[in-house]
file query-v9.txt (compact mmCIF, C-alpha atoms)
# COMPACT_ATOMS: atom_id res chain seq x y z
CA MET A 1 23.92 -48.12 134.64
CA LEU A 2 22.10 -50.76 136.67
CA SER A 3 20.68 -49.81 140.04
CA LYS A 4 22.80 -51.06 142.92
CA LYS A 5 20.22 -53.63 144.04
CA HIS A 6 20.69 -55.50 140.77
CA TYR A 7 24.44 -55.94 141.13
CA ASP A 8 25.69 -59.47 141.83
CA PHE A 9 28.50 -58.13 144.04
CA ASP A 10 29.30 -55.02 146.01
CA LEU A 11 32.89 -55.33 144.87
CA ILE A 12 34.75 -57.21 142.14
CA VAL A 13 38.53 -57.44 142.44
CA ILE A 14 40.45 -58.51 139.33
CA GLY A 15 43.82 -59.95 140.30
CA GLY A 16 44.71 -62.11 143.29
CA GLY A 17 48.17 -60.83 144.12
CA THR A 18 49.14 -59.06 147.33
CA GLY A 19 47.03 -55.97 146.62
CA GLY A 20 43.98 -57.74 145.25
CA LEU A 21 43.90 -60.48 147.85
CA ARG A 22 44.20 -58.11 150.81
CA THR A 23 41.55 -55.80 149.33
CA ALA A 24 39.10 -58.65 148.76
CA LEU A 25 39.67 -60.14 152.22
CA TYR A 26 39.21 -56.74 153.88
CA ALA A 27 35.98 -56.05 151.99
CA ALA A 28 34.55 -59.50 152.73
CA ALA A 29 35.47 -59.23 156.42
CA HIS A 30 33.51 -55.98 156.59
CA GLY A 31 30.36 -57.54 155.18
CA HIS A 32 30.66 -56.64 151.51
CA LYS A 33 29.73 -59.33 149.00
CA THR A 34 32.99 -59.67 147.05
CA ALA A 35 34.23 -61.54 143.98
CA LEU A 36 37.94 -62.13 143.48
CA ILE A 37 38.93 -63.09 139.93
CA GLU A 38 42.32 -64.78 139.49
CA PRO A 39 43.17 -67.51 136.94
CA GLY A 40 46.61 -68.26 138.39
CA ALA A 41 48.08 -68.85 141.82
CA LEU A 42 46.80 -66.55 144.56
CA GLY A 43 49.44 -64.43 146.23
CA GLY A 44 50.80 -62.98 143.00
CA THR A 45 54.43 -62.30 142.20
CA CYS A 46 55.49 -61.62 145.79
CA LEU A 47 54.61 -65.05 147.14
CA ASN A 48 54.98 -67.25 144.09
CA THR A 49 57.89 -65.98 141.99
CA GLY A 50 59.24 -62.81 143.57
CA CYS A 51 60.01 -61.48 147.04
CA ILE A 52 59.55 -64.60 149.15
CA PRO A 53 61.14 -67.37 147.05
CA THR A 54 64.01 -65.21 145.79
CA LYS A 55 64.93 -64.13 149.32
CA ALA A 56 64.95 -67.79 150.36
CA MET A 57 67.28 -68.49 147.43
CA ILE A 58 69.58 -65.58 148.30
CA TYR A 59 69.72 -66.65 151.95
CA ALA A 60 70.72 -70.20 151.00
CA SER A 61 73.40 -68.93 148.62
CA HIS A 62 74.82 -66.62 151.32
CA LEU A 63 75.01 -69.55 153.74
CA PHE A 64 76.99 -71.52 151.18
CA LEU A 65 79.30 -68.56 150.58
CA LEU A 66 79.87 -68.18 154.34
CA ALA A 67 80.56 -71.89 154.71
CA LYS A 68 83.23 -71.69 152.00
CA ASN A 69 85.05 -69.15 154.18
CA PHE A 70 84.65 -70.89 157.55
CA LYS A 71 88.35 -71.75 157.56
CA GLU A 72 89.12 -68.09 158.26
CA PHE A 73 87.34 -68.56 161.59
CA GLY A 74 89.08 -71.80 162.45
CA ILE A 75 86.19 -74.00 161.37
CA GLU A 76 86.96 -76.91 159.07
CA VAL A 77 84.23 -78.07 156.68
CA SER A 78 84.89 -80.97 154.35
CA ASN A 79 83.06 -82.07 151.20
CA LEU A 80 81.12 -78.82 150.95
CA LYS A 81 78.78 -78.85 147.98
CA VAL A 82 75.44 -77.51 146.79
CA ASP A 83 72.49 -79.85 146.41
CA PHE A 84 70.72 -77.49 144.02
CA ASN A 85 67.61 -79.62 143.60
CA ARG A 86 67.16 -79.85 147.35
CA LEU A 87 67.75 -76.09 147.73
CA MET A 88 65.05 -75.32 145.18
CA THR A 89 62.68 -77.91 146.67
CA ARG A 90 62.93 -76.05 149.99
CA VAL A 91 62.20 -72.75 148.23
CA ARG A 92 59.13 -74.21 146.53
CA GLY A 93 58.05 -75.66 149.87
CA ILE A 94 58.02 -72.18 151.40
CA VAL A 95 55.80 -71.00 148.55
CA ASN A 96 53.47 -73.97 149.10
CA GLU A 97 53.15 -73.08 152.80
CA GLY A 98 52.08 -69.59 151.77
CA GLN A 99 49.54 -71.04 149.37
CA GLU A 100 48.07 -73.19 152.14
CA HIS A 101 47.75 -70.13 154.38
CA ILE A 102 45.92 -68.26 151.63
CA GLY A 103 43.64 -71.25 151.06
CA ASN A 104 42.52 -71.02 154.68
CA SER A 105 42.18 -67.23 154.67
CA ILE A 106 39.75 -67.06 151.73
CA LYS A 107 37.10 -69.14 153.50
CA ASN A 108 34.59 -66.34 154.02
CA LYS A 109 30.86 -66.42 153.30
CA ASN A 110 31.09 -62.99 151.66
CA LEU A 111 33.94 -63.93 149.31
CA VAL A 112 33.64 -65.82 146.03
CA VAL A 113 36.91 -66.74 144.29
CA ILE A 114 36.60 -67.27 140.54
CA ARG A 115 39.61 -69.07 139.05
CA LYS A 116 39.17 -67.80 135.52
CA LYS A 117 40.66 -64.94 133.50
CA GLY A 118 38.48 -61.84 133.67
CA SER A 119 37.75 -59.17 131.07
CA PHE A 120 35.30 -56.28 130.89
CA VAL A 121 32.12 -56.46 128.83
CA GLY A 122 30.76 -53.18 130.22
CA LYS A 123 31.51 -50.53 132.82
CA ASN A 124 30.15 -52.66 135.67
CA GLU A 125 30.27 -56.07 134.00
CA VAL A 126 33.09 -58.60 133.92
CA LYS A 127 33.21 -61.89 132.08
CA ALA A 128 35.15 -64.62 133.87
CA GLY A 129 35.26 -67.84 131.90
CA ASP A 130 31.72 -68.43 130.66
CA GLU A 131 30.14 -66.41 133.45
CA THR A 132 29.31 -62.69 133.42
CA ILE A 133 29.02 -60.92 136.77
CA ARG A 134 28.13 -57.37 137.76
CA GLY A 135 29.72 -55.27 140.46
CA ASP A 136 28.94 -51.91 142.04
CA LYS A 137 32.68 -51.23 142.33
CA ILE A 138 35.52 -52.90 140.43
CA ILE A 139 39.18 -52.71 141.42
CA LEU A 140 42.05 -53.67 139.10
CA CYS A 141 44.98 -55.35 140.84
CA THR A 142 46.58 -57.16 137.92
CA GLY A 143 50.19 -56.29 138.72
CA ALA A 144 52.99 -56.65 136.22
CA LYS A 145 54.74 -59.25 134.10
CA SER A 146 58.20 -59.64 132.59
CA HIS A 147 59.00 -57.48 129.59
CA ILE A 148 60.33 -59.47 126.64
CA PRO A 149 62.45 -57.26 124.37
CA GLY A 150 62.45 -57.54 120.59
CA ILE A 151 65.87 -59.14 120.17
CA LYS A 152 66.71 -60.88 116.91
CA GLY A 153 66.71 -64.65 117.34
CA LEU A 154 65.15 -64.67 120.80
CA GLU A 155 62.01 -66.44 119.62
CA LYS A 156 64.13 -69.30 118.24
CA ILE A 157 66.01 -70.26 121.41
CA ARG A 158 65.27 -71.39 124.94
CA TYR A 159 65.59 -68.65 127.54
CA LEU A 160 64.52 -67.93 131.11
CA LEU A 161 62.33 -65.21 132.58
CA SER A 162 62.50 -64.50 136.31
CA ASP A 163 59.53 -66.84 136.96
CA ASP A 164 61.33 -69.70 135.19
CA VAL A 165 64.37 -69.62 137.49
CA LEU A 166 62.30 -71.21 140.25
CA LYS A 167 61.67 -74.20 137.98
CA LEU A 168 65.37 -74.97 137.46
CA GLU A 169 66.47 -78.38 138.71
CA LYS A 170 70.15 -78.05 137.84
CA LEU A 171 72.62 -75.30 138.71
CA PRO A 172 73.95 -73.88 135.43
CA GLU A 173 77.72 -73.67 135.14
CA SER A 174 77.31 -70.31 133.41
CA ILE A 175 74.51 -67.83 132.80
CA VAL A 176 74.15 -64.65 130.74
CA ILE A 177 71.73 -62.06 132.09
CA ILE A 178 70.34 -59.42 129.75
CA GLY A 179 69.38 -56.49 131.96
CA GLY A 180 71.09 -54.79 134.88
CA GLY A 181 68.23 -53.78 137.17
CA TYR A 182 67.45 -55.07 140.63
CA ILE A 183 65.99 -58.38 139.42
CA ALA A 184 69.06 -59.07 137.28
CA ILE A 185 71.44 -58.20 140.13
CA GLU A 186 69.50 -60.33 142.61
CA PHE A 187 69.77 -63.43 140.41
CA ALA A 188 73.39 -62.60 139.58
CA THR A 189 74.09 -62.65 143.31
CA PHE A 190 72.38 -66.01 143.75
CA PHE A 191 74.12 -67.79 140.89
CA ASN A 192 77.53 -66.25 141.58
CA ASN A 193 77.38 -67.23 145.26
CA LEU A 194 76.75 -70.83 144.24
CA GLY A 195 79.65 -70.88 141.78
CA SER A 196 78.07 -70.20 138.38
CA LYS A 197 79.92 -67.95 135.95
CA VAL A 198 77.73 -64.86 135.54
CA ARG A 199 77.79 -62.28 132.74
CA ILE A 200 75.54 -59.19 132.80
CA LEU A 201 74.63 -57.09 129.75
CA GLU A 202 73.01 -53.69 130.43
CA ARG A 203 72.02 -51.14 127.79
CA ASN A 204 72.34 -48.17 130.19
CA GLU A 205 75.71 -46.75 131.13
CA GLN A 206 75.45 -48.16 134.64
CA ILE A 207 73.82 -51.13 136.33
CA LEU A 208 70.97 -50.29 138.69
CA HIS A 209 70.47 -47.10 136.70
CA LYS A 210 67.68 -45.86 138.97
CA ILE A 211 70.01 -45.41 141.95
CA ASN A 212 72.74 -42.78 142.25
CA ARG A 213 75.88 -43.32 140.20
CA GLU A 214 78.29 -43.50 143.15
CA ALA A 215 76.38 -46.39 144.73
CA ALA A 216 76.01 -48.20 141.40
CA GLU A 217 79.75 -47.91 140.70
CA LEU A 218 80.58 -49.26 144.16
CA ILE A 219 78.28 -52.23 143.63
CA ARG A 220 79.77 -52.90 140.20
CA GLU A 221 83.29 -52.81 141.62
CA GLU A 222 82.42 -55.32 144.34
CA TYR A 223 80.61 -57.65 141.94
CA GLU A 224 83.49 -57.64 139.48
CA LYS A 225 85.80 -58.60 142.36
CA LYS A 226 83.56 -61.63 142.80
CA GLY A 227 84.18 -62.62 139.18
CA ILE A 228 80.97 -61.33 137.61
CA GLU A 229 81.51 -59.88 134.13
CA ILE A 230 79.53 -56.67 133.61
CA TYR A 231 79.07 -54.93 130.26
CA THR A 232 77.23 -51.59 130.19
CA GLY A 233 76.13 -49.27 127.40
CA VAL A 234 75.58 -52.27 125.14
CA ASP A 235 73.33 -52.75 122.14
CA ILE A 236 72.14 -56.35 121.78
CA LYS A 237 72.24 -57.34 118.14
CA GLU A 238 71.31 -61.02 118.16
CA VAL A 239 71.01 -64.15 120.26
CA LYS A 240 71.54 -67.68 119.02
CA GLU A 241 72.25 -71.20 120.22
CA GLU A 242 75.61 -72.78 119.47
CA ASN A 243 76.79 -76.18 120.74
CA GLY A 244 74.18 -76.22 123.49
CA PHE A 245 75.06 -72.72 124.76
CA ARG A 246 73.13 -69.46 124.45
CA LYS A 247 75.27 -66.89 122.63
CA VAL A 248 74.60 -63.14 122.78
CA ILE A 249 76.15 -60.85 120.18
CA PHE A 250 76.26 -57.19 121.13
CA LEU A 251 77.85 -53.85 120.41
CA GLU A 252 79.85 -52.22 123.21
CA GLY A 253 80.91 -48.77 122.14
CA LYS A 254 81.98 -49.38 118.55
CA LYS A 255 83.17 -52.96 119.06
CA ASP A 256 81.27 -56.15 118.29
CA LYS A 257 81.51 -58.61 121.15
CA SER A 258 79.83 -61.83 122.21
CA VAL A 259 79.36 -63.85 125.38
CA GLU A 260 77.78 -67.22 125.96
CA GLY A 261 76.30 -69.20 128.78
CA GLU A 262 74.57 -72.47 129.53
CA GLU A 263 71.47 -70.44 130.37
CA LEU A 264 70.16 -67.05 129.26
CA LEU A 265 68.03 -64.95 131.61
CA ILE A 266 65.97 -62.04 130.29
CA ALA A 267 65.55 -59.44 133.05
CA THR A 268 64.73 -56.25 131.16
CA GLY A 269 62.06 -54.89 133.47
CA ARG A 270 58.34 -55.39 133.93
CA ILE A 271 55.24 -54.04 132.21
CA PRO A 272 51.58 -53.69 133.33
CA ASN A 273 49.70 -56.98 133.15
CA THR A 274 46.60 -55.49 131.53
CA PHE A 275 46.56 -57.30 128.18
CA GLY A 276 43.24 -58.97 127.47
CA LEU A 277 41.19 -57.04 130.05
CA ASN A 278 39.22 -55.25 127.30
CA LEU A 279 39.57 -52.01 129.25
CA GLU A 280 37.86 -50.03 126.48
CA ALA A 281 34.55 -51.70 127.34
CA ALA A 282 34.76 -50.17 130.81
CA GLY A 283 35.68 -46.73 129.46
CA ILE A 284 39.24 -46.99 130.75
CA ASP A 285 41.93 -45.33 128.63
call {"tool": "encode", "arguments": {"input": "query-v9.txt", "output": "structure tokens"}}
result
Amino acid sequence: MLSKKHYDFDLIVIGGGTGGLRTALYAAAHGHKTALIEPGALGGTCLNTGCIPTKAMIYASHLFLLAKNFKEFGIEVSNLKVDFNRLMTRVRGIVNEGQEHIGNSIKNKNLVVIRKKGSFVGKNEVKAGDETIRGDKIILCTGAKSHIPGIKGLEKIRYLLSDDVLKLEKLPESIVIIGGGYIAIEFATFFNNLGSKVRILERNEQILHKINREAAELIREEYEKKGIEIYTGVDIKEVKEENGFRKVIFLEGKKDKSVEGEELLIATGRIPNTFGLNLEAAGID
């Protein structure tokens, strides 16, 4: 191991999401020479594709749902409609504001931001692009990414991951969601509120399988009242494209069934975003 005086940085942080960014800013503010390695947008999932934009989407969809029921309160609204492109432009604008704030916050003489993908070449050495740097301490903050299941035919058709929903410019008339966790239910809420036909396929016996059964059943009951079709305990056999629609063939119990939608969203959980870090070179199992 190199002596500390030969290190390029006191601290190297790999990953510029919420955890990595805050760690790097804190270290730099306290006088530690810090490198932050992040090839993508700073702010991670929370700012760019998760918490912040999806809550803005949900809020807009709830407003539309409330407006549709204003008549109950004696308020008349005519020609009510969703300008989906404008709605999503506002959401992306909120993300851009967050990016601008981060851009100002990283201006610190002790902080170097390297916009390349990093990987280990030794216990205290990281290669970022064509440059190799050394750090006394290295912190991994690489977060998670969408899990893509091995479903027959999936590689042959167009489908959405949660990140891709923010790029939509047109509200789909119908959407099939594979997965019944919190991400799936959040997007189901958004699309259903705006009038899309939503179908959910979940392999477990209940949606939101990590919460207690009584709560999950209550949620399912309310969502089915809203017109969302929910299938649980299913085994996805194949996906294909027919006449411009995404078709999902699955087994429910002992019966073969199929559903289709204009769009298909894969929301089957998230996995650690550690691929390509060459962790073995750092002695990390």
call {"tool": "closest_atom_pairs", "arguments": {"input": "query-v9.txt", "of": "region 15-130 of chain A", "to": "region 262-278 of chain A", "cutoff": "12 Å", "atoms": "all atoms listed in the file", "output": "tab-separated table"}}
result
residue	atom	partner	partner_atom	distance
A:Gly15	CA	A:Asn273	CA	9.7
A:Gly17	CA	A:Asn273	CA	11.7
A:Ile37	CA	A:Leu277	CA	11.8
A:Gly44	CA	A:Asn273	CA	11.6
A:Thr45	CA	A:Arg270	CA	11.5
A:Lys117	CA	A:Leu277	CA	8.6
A:Gly118	CA	A:Leu277	CA	6.6
A:Ser119	CA	A:Leu277	CA	4.2
A:Phe120	CA	A:Asn278	CA	5.4
A:Val121	CA	A:Asn278	CA	7.4
A:Gly122	CA	A:Asn278	CA	9.2
A:Lys123	CA	A:Asn278	CA	10.6
A:Glu125	CA	A:Asn278	CA	11.2
A:Val126	CA	A:Leu277	CA	9.1
A:Lys127	CA	A:Leu277	CA	9.6
A:Ala128	CA	A:Leu277	CA	10.4
call {"tool": "axis_aligned_box", "arguments": {"input": "query-v9.txt", "around": "region 35-43 of chain A", "padding_each_side": "8 Å", "output": "JSON"}}
result
{"center_x": 41.8, "center_y": -65.2, "center_z": 141.6, "size_x": 31.2, "size_y": 23.3, "size_z": 25.3}
call {"tool": "atom_distance", "arguments": {"input": "query-v9.txt", "atom1": "CA of Phe245 (chain A)", "atom2": "CA of Asn192 (chain A)"}}
result
18.2 Å
call {"tool": "closest_residue", "arguments": {"input": "query-v9.txt", "among": "A:Ile219, A:Gly20, A:Lys107, A:Arg199", "to": "Cys141 (chain A)", "atoms": "all atoms listed in the file"}}
result
A:Gly20
call {"tool": "closest_residue", "arguments": {"input": "query-v9.txt", "among": "A:Ala27, A:Val91, A:Val82, A:Leu111", "to": "Lys68 (chain A)", "atoms": "only C-alpha atoms"}}
result
A:Val82
call {"tool": "atom_distance", "arguments": {"input": "query-v9.txt", "atom1": "CA of Ala35 (chain A)", "atom2": "CA of Leu140 (chain A)"}}
result
12.1 Å
call {"tool": "residues_around", "arguments": {"input": "query-v9.txt", "residues": "region 150-155 of chain A", "least_positions_apart": "5", "cutoff": "8 Å", "atoms": "all atoms listed in the file", "output": "PyMOL selection string"}}
result
chain A and resi 236-240
call {"tool": "residues_near_point", "arguments": {"input": "query-v9.txt", "point": "(73.1, -49.5, 123.4)", "cutoff": "9 Å", "atoms": "only C-alpha atoms", "output": "list of chain:residue names"}}
result
A:Glu202, A:Arg203, A:Asn204, A:Glu205, A:Thr232, A:Gly233, A:Val234, A:Asp235, A:Ile236, A:Phe250, A:Leu251, A:Glu252, A:Gly253
call {"tool": "atom_distance", "arguments": {"input": "query-v9.txt", "atom1": "CA of Phe84 (chain A)", "atom2": "CA of Leu168 (chain A)"}}
result
8.8 Å
call {"tool": "closest_residue", "arguments": {"input": "query-v9.txt", "among": "A:His62, A:Lys167, A:Lys197, A:Lys145", "to": "Glu229 (chain A)", "atoms": "all atoms listed in the file"}}
result
A:Lys197
call {"tool": "residues_near_point", "arguments": {"input": "query-v9.txt", "point": "(47.9, -71.7, 150.3)", "cutoff": "12 Å", "atoms": "all atoms listed in the file", "output": "PyMOL selection string"}}
result
chain A and resi 41-44+47-48+93-107
call {"tool": "closest_residue", "arguments": {"input": "query-v9.txt", "among": "A:Ile249, A:Ala56, A:Ile185, A:Ala144", "to": "Arg220 (chain A)", "atoms": "all atoms listed in the file"}}
result
A:Ile185
call {"tool": "decode", "arguments": {"input": "query-v9.txt", "residues": "region 176-269 of chain A", "atoms": "C-alpha atoms", "output": "mmCIF file, in the first residue's frame"}}
result
data_model
loop_
_atom_site.group_PDB
_atom_site.id
_atom_site.type_symbol
_atom_site.label_atom_id
_atom_site.label_comp_id
_atom_site.auth_asym_id
_atom_site.auth_seq_id
_atom_site.Cartn_x
_atom_site.Cartn_y
_atom_site.Cartn_z
ATOM 1 C CA VAL A 176 -49.387 -3.380 -19.010
ATOM 2 C CA ILE A 177 -47.128 -3.347 -15.968
ATOM 3 C CA ILE A 178 -45.126 -6.458 -15.107
ATOM 4 C CA GLY A 179 -44.445 -6.244 -11.385
ATOM 5 C CA GLY A 180 -46.598 -5.286 -8.420
ATOM 6 C CA GLY A 181 -44.195 -3.513 -6.066
ATOM 7 C CA TYR A 182 -44.207 0.123 -5.031
ATOM 8 C CA ILE A 183 -42.739 1.397 -8.316
ATOM 9 C CA ALA A 184 -45.365 -0.487 -10.335
ATOM 10 C CA ILE A 185 -48.205 0.770 -8.126
ATOM 11 C CA GLU A 186 -46.939 4.345 -8.266
ATOM 12 C CA PHE A 187 -46.956 4.382 -12.069
ATOM 13 C CA ALA A 188 -50.277 2.521 -12.137
ATOM 14 C CA THR A 189 -51.717 5.344 -10.032
ATOM 15 C CA PHE A 190 -50.348 7.999 -12.379
ATOM 16 C CA PHE A 191 -51.585 6.446 -15.608
ATOM 17 C CA ASN A 192 -54.959 5.407 -14.192
ATOM 18 C CA ASN A 193 -55.616 8.903 -12.816
ATOM 19 C CA LEU A 194 -55.022 10.338 -16.284
ATOM 20 C CA GLY A 195 -57.365 7.851 -17.954
ATOM 21 C CA SER A 196 -55.099 5.096 -19.292
ATOM 22 C CA LYS A 197 -56.281 1.503 -19.023
ATOM 23 C CA VAL A 198 -53.863 -0.192 -16.616
ATOM 24 C CA ARG A 199 -53.198 -3.915 -16.170
ATOM 25 C CA ILE A 200 -50.807 -5.227 -13.490
ATOM 26 C CA LEU A 201 -49.176 -8.681 -13.513
ATOM 27 C CA GLU A 202 -47.511 -9.810 -10.259
ATOM 28 C CA ARG A 203 -45.855 -13.179 -9.676
ATOM 29 C CA ASN A 204 -46.452 -13.099 -5.897
ATOM 30 C CA GLU A 205 -49.845 -13.862 -4.426
ATOM 31 C CA GLN A 206 -50.386 -10.220 -3.493
ATOM 32 C CA ILE A 207 -49.325 -6.835 -4.792
ATOM 33 C CA LEU A 208 -46.949 -4.903 -2.545
ATOM 34 C CA HIS A 209 -45.868 -8.236 -1.090
ATOM 35 C CA LYS A 210 -43.510 -6.622 1.426
ATOM 36 C CA ILE A 211 -46.358 -5.010 3.370
ATOM 37 C CA ASN A 212 -48.920 -6.854 5.487
ATOM 38 C CA ARG A 213 -51.617 -8.775 3.641
ATOM 39 C CA GLU A 214 -54.571 -6.828 5.067
ATOM 40 C CA ALA A 215 -53.203 -3.516 3.779
ATOM 41 C CA ALA A 216 -52.293 -4.998 0.398
ATOM 42 C CA GLU A 217 -55.784 -6.459 -0.034
ATOM 43 C CA LEU A 218 -57.376 -3.119 0.843
ATOM 44 C CA ILE A 219 -55.210 -1.338 -1.714
ATOM 45 C CA ARG A 220 -56.028 -3.943 -4.358
ATOM 46 C CA GLU A 221 -59.748 -3.577 -3.695
ATOM 47 C CA GLU A 222 -59.596 0.204 -4.067
ATOM 48 C CA TYR A 223 -57.499 0.046 -7.235
ATOM 49 C CA GLU A 224 -59.818 -2.468 -8.858
ATOM 50 C CA LYS A 225 -62.716 -0.106 -8.107
ATOM 51 C CA LYS A 226 -60.802 2.466 -10.144
ATOM 52 C CA GLY A 227 -60.749 0.072 -13.108
ATOM 53 C CA ILE A 228 -57.212 -1.277 -12.770
ATOM 54 C CA GLU A 229 -56.952 -4.963 -13.668
ATOM 55 C CA ILE A 230 -54.708 -6.858 -11.246
ATOM 56 C CA TYR A 231 -53.477 -10.423 -11.763
ATOM 57 C CA THR A 232 -51.450 -12.071 -8.985
ATOM 58 C CA GLY A 233 -49.673 -15.402 -8.674
ATOM 59 C CA VAL A 234 -48.875 -15.314 -12.380
ATOM 60 C CA ASP A 235 -46.101 -16.944 -14.371
ATOM 61 C CA ILE A 236 -45.100 -14.875 -17.410
ATOM 62 C CA LYS A 237 -44.535 -17.181 -20.352
ATOM 63 C CA GLU A 238 -43.865 -14.825 -23.246
ATOM 64 C CA VAL A 239 -44.189 -11.275 -24.530
ATOM 65 C CA LYS A 240 -44.685 -10.292 -28.145
ATOM 66 C CA GLU A 241 -45.841 -7.428 -30.332
ATOM 67 C CA GLU A 242 -49.077 -7.762 -32.276
ATOM 68 C CA ASN A 243 -50.695 -5.008 -34.356
ATOM 69 C CA GLY A 244 -48.699 -2.308 -32.608
ATOM 70 C CA PHE A 245 -49.591 -3.533 -29.093
ATOM 71 C CA ARG A 246 -47.433 -5.305 -26.511
ATOM 72 C CA LYS A 247 -49.003 -8.661 -25.646
ATOM 73 C CA VAL A 248 -48.139 -10.602 -22.482
ATOM 74 C CA ILE A 249 -48.986 -14.304 -22.254
ATOM 75 C CA PHE A 250 -49.051 -15.721 -18.746
ATOM 76 C CA LEU A 251 -50.246 -18.555 -16.582
ATOM 77 C CA GLU A 252 -52.658 -17.699 -13.755
ATOM 78 C CA GLY A 253 -53.266 -20.777 -11.667
ATOM 79 C CA LYS A 254 -53.627 -23.451 -14.332
ATOM 80 C CA LYS A 255 -55.125 -21.193 -17.000
ATOM 81 C CA ASP A 256 -53.314 -19.555 -19.902
ATOM 82 C CA LYS A 257 -54.273 -15.918 -20.236
ATOM 83 C CA SER A 258 -53.053 -12.859 -22.106
ATOM 84 C CA VAL A 259 -53.359 -9.095 -21.858
ATOM 85 C CA GLU A 260 -52.139 -6.351 -24.136
ATOM 86 C CA GLY A 261 -51.381 -2.677 -23.982
ATOM 87 C CA GLU A 262 -50.051 0.167 -26.066
ATOM 88 C CA GLU A 263 -47.062 0.253 -23.731
ATOM 89 C CA LEU A 264 -45.337 -2.345 -21.547
ATOM 90 C CA LEU A 265 -43.592 -1.294 -18.333
ATOM 91 C CA ILE A 266 -41.129 -3.631 -16.612
ATOM 92 C CA ALA A 267 -41.109 -2.901 -12.877
ATOM 93 C CA THR A 268 -39.725 -6.088 -11.342
ATOM 94 C CA GLY A 269 -37.494 -4.538 -8.714
#
